[in-house]
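J.: I have a structure here, written as structure tokens, and I will follow up with some questions on it.
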Amino acid sequence: MSWLILHTLGIISYAASGAFVAIGTRYSFIGVYVLGLTTSFGGAVIRNIIIGLPLSEIWNQSVLLTVLVTLTLIVFLPIKWITHWKRWGLFFDSIGLASFSIQGALTVKHIDNNLGIIILAAMFTGVGGGMIRDLLAGERPLALREEIHAVLTILCAICIWLNWTNSIEITLIVVAVVIIRMLAITYNWKINLPYHK
């Protein structure tokens, strides 16, 4: 599967996750657009501000159109479809997490092959938008409740730093991230630190 298809799936997944959080919080259709756009672009905005990249690079017309079409379709979806989505929501959200983390790592790798900076870029791009979404919805950010989020963004960053950048390698990274996260959710994997006891 090509990187373009995977990343488009990730964009649609993150836009939809923002929209469904807005619907679950009973926000108006304006809230659907705000949370959907925030989830899709918030992480990249934070990444570019911190790394010092121009924000104008984020506003790719095809990506923006994909997000807006996704959100518009969701606004007009029957409620039973939204209920069906929730069963698959975490699966698609995992694709988004992998896709956005990889995209963040790739963005910075072309500028500086420093592992620390690549990890930061992957983390902010992968979880930043979702954290802003949750805060706007009045919820505790999922990324701060699930340690697996940070671990998986770091995994993506290390793989990109090791030059796993062709279509097959990127597909394998996405598949691995989705499998690990779904297993972590299913079996409630936690990192037990002393303050948890």
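Chain labels A, B, ... are given in the sequence in which chains occur in the structure tokens; within each chain residues are numbered consecutively from 1, and ligands are likewise numbered from 1 in the order shown.
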Can you list every residue in chain A that DSSP puts in alpha helix (DSSP H), as a PyMOL selection string?

T.: chain A and resi 3-24+29-51+61-75+79-109+115-136+142-145+147-161+167-186

J.: Might you pull out every residue within 7 Å of range 111-122 of chain A, with only C-alpha atoms counted and same-chain residues fewer than 6 positions away left off, and present them as an mmCIF file with C-alpha atoms, in the first residue's frame?

T.:
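Printed below is out-v3.cif as written:
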data_model
loop_
_atom_site.group_PDB
_atom_site.id
_atom_site.type_symbol
_atom_site.label_atom_id
_atom_site.label_comp_id
_atom_site.auth_asym_id
_atom_site.auth_seq_id
_atom_site.Cartn_x
_atom_site.Cartn_y
_atom_site.Cartn_z
ATOM 1 C CA ARG A 47 5.293 20.747 15.652
ATOM 2 C CA SER A 101 3.640 10.266 13.657
ATOM 3 C CA ILE A 102 5.384 9.040 10.498
ATOM 4 C CA GLY A 104 5.891 14.351 11.457
ATOM 5 C CA ALA A 105 9.100 12.316 11.543
ATOM 6 C CA THR A 153 5.157 7.646 18.328
ATOM 7 C CA ILE A 154 8.724 7.016 19.514
ATOM 8 C CA ALA A 157 10.319 8.079 14.903
ATOM 9 C CA TRP A 161 15.457 7.722 11.670
#

J.: Which residues come within 8 Å of range 60-76 of chain A, counting only C-alpha atoms, excluding same-chain residues fewer than 5 positions away, as a list in words?

T.: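 Counting only the stated atoms, we get Thr8, Ile11, Ile12, Ala15, Ala16, Ala19, Phe29, Val32, Tyr33, Gly36, Leu37 and Ser40 of chain A.
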
J.: Could you tell me how far CA of Ile160 in chain A lies from CA of Tyr14 in chain A, in Å and to one decimal?

T.: 21.1 Å

J.: Here is a test: counting only C-alpha atoms, which residue of A:Leu155, A:Met123, A:Met182, A:Ala22 is nearest to Val108 in chain A?

T.: A:Met123

J.: Could you please determine the separation between CA of Val174 in chain A and CA of Leu136 in chain A in Å, to one decimal place?

T.: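 We find that CA of Val174 in chain A and CA of Leu136 in chain A lie 27.7 Å from each other.
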
J.: Pick out the residues sitting within 10 Å of Ile148 in chain A, and hand them over as an mmCIF file with C-alpha atoms, in the first residue's frame; count only C-alpha atoms, and ignore anything fewer than 6 positions along from it in its own chain.

T.:
data_model
loop_
_atom_site.group_PDB
_atom_site.id
_atom_site.type_symbol
_atom_site.label_atom_id
_atom_site.label_comp_id
_atom_site.auth_asym_id
_atom_site.auth_seq_id
_atom_site.Cartn_x
_atom_site.Cartn_y
_atom_site.Cartn_z
ATOM 1 C CA ILE A 154 8.724 7.016 19.514
ATOM 2 C CA VAL A 177 1.490 0.315 15.414
ATOM 3 C CA ILE A 180 0.327 -3.112 19.205
ATOM 4 C CA ARG A 181 -2.204 -0.423 20.112
ATOM 5 C CA ALA A 184 -2.743 -2.749 24.416
ATOM 6 C CA ILE A 185 -6.388 -1.635 24.474
ATOM 7 C CA TRP A 189 -1.453 -2.903 28.995
ATOM 8 C CA LYS A 190 -0.057 -0.305 31.384
ATOM 9 C CA ILE A 191 3.401 0.806 32.423
#

J.: With 12 Å as the cut-off and only C-alpha atoms counted, what is the closest atom pair between each nearby residue of range 54-106 of chain A and range 130-135 of chain A? Distances in Å to one decimal, ordered by chain and number, as JSON lines.

T.:
{"residue": "A:Asp93", "atom": "CA", "partner": "A:Gly130", "partner_atom": "CA", "distance": 9.7}
{"residue": "A:Ser94", "atom": "CA", "partner": "A:Gly130", "partner_atom": "CA", "distance": 11.7}
{"residue": "A:Gly96", "atom": "CA", "partner": "A:Gly130", "partner_atom": "CA", "distance": 10.1}
{"residue": "A:Leu97", "atom": "CA", "partner": "A:Gly130", "partner_atom": "CA", "distance": 9.2}
{"residue": "A:Phe100", "atom": "CA", "partner": "A:Gly130", "partner_atom": "CA", "distance": 10.9}

J.: Can you spit out the residues from that selection as a PDB file, in the first residue's frame, using N, CA and C atoms?

T.:
ATOM      1  N   ASP A  93      -8.399   5.218  14.487  1.00  0.00           N
ATOM      2  CA  ASP A  93      -7.609   6.206  15.237  1.00  0.00           C
ATOM      3  C   ASP A  93      -6.155   5.748  15.332  1.00  0.00           C
ATOM      4  N   SER A  94      -5.936   4.445  15.426  1.00  0.00           N
ATOM      5  CA  SER A  94      -4.576   3.900  15.470  1.00  0.00           C
ATOM      6  C   SER A  94      -3.852   4.107  14.138  1.00  0.00           C
ATOM      7  N   GLY A  96      -4.476   6.610  12.179  1.00  0.00           N
ATOM      8  CA  GLY A  96      -4.160   8.044  12.221  1.00  0.00           C
ATOM      9  C   GLY A  96      -2.938   8.339  13.068  1.00  0.00           C
ATOM     10  N   LEU A  97      -2.854   7.691  14.235  1.00  0.00           N
ATOM     11  CA  LEU A  97      -1.702   7.884  15.122  1.00  0.00           C
ATOM     12  C   LEU A  97      -0.409   7.531  14.396  1.00  0.00           C
ATOM     13  N   PHE A 100       0.208  10.030  11.235  1.00  0.00           N
ATOM     14  CA  PHE A 100       0.622  11.376  11.602  1.00  0.00           C
ATOM     15  C   PHE A 100       2.003  11.379  12.253  1.00  0.00           C
TER      16      PHE A 100
END
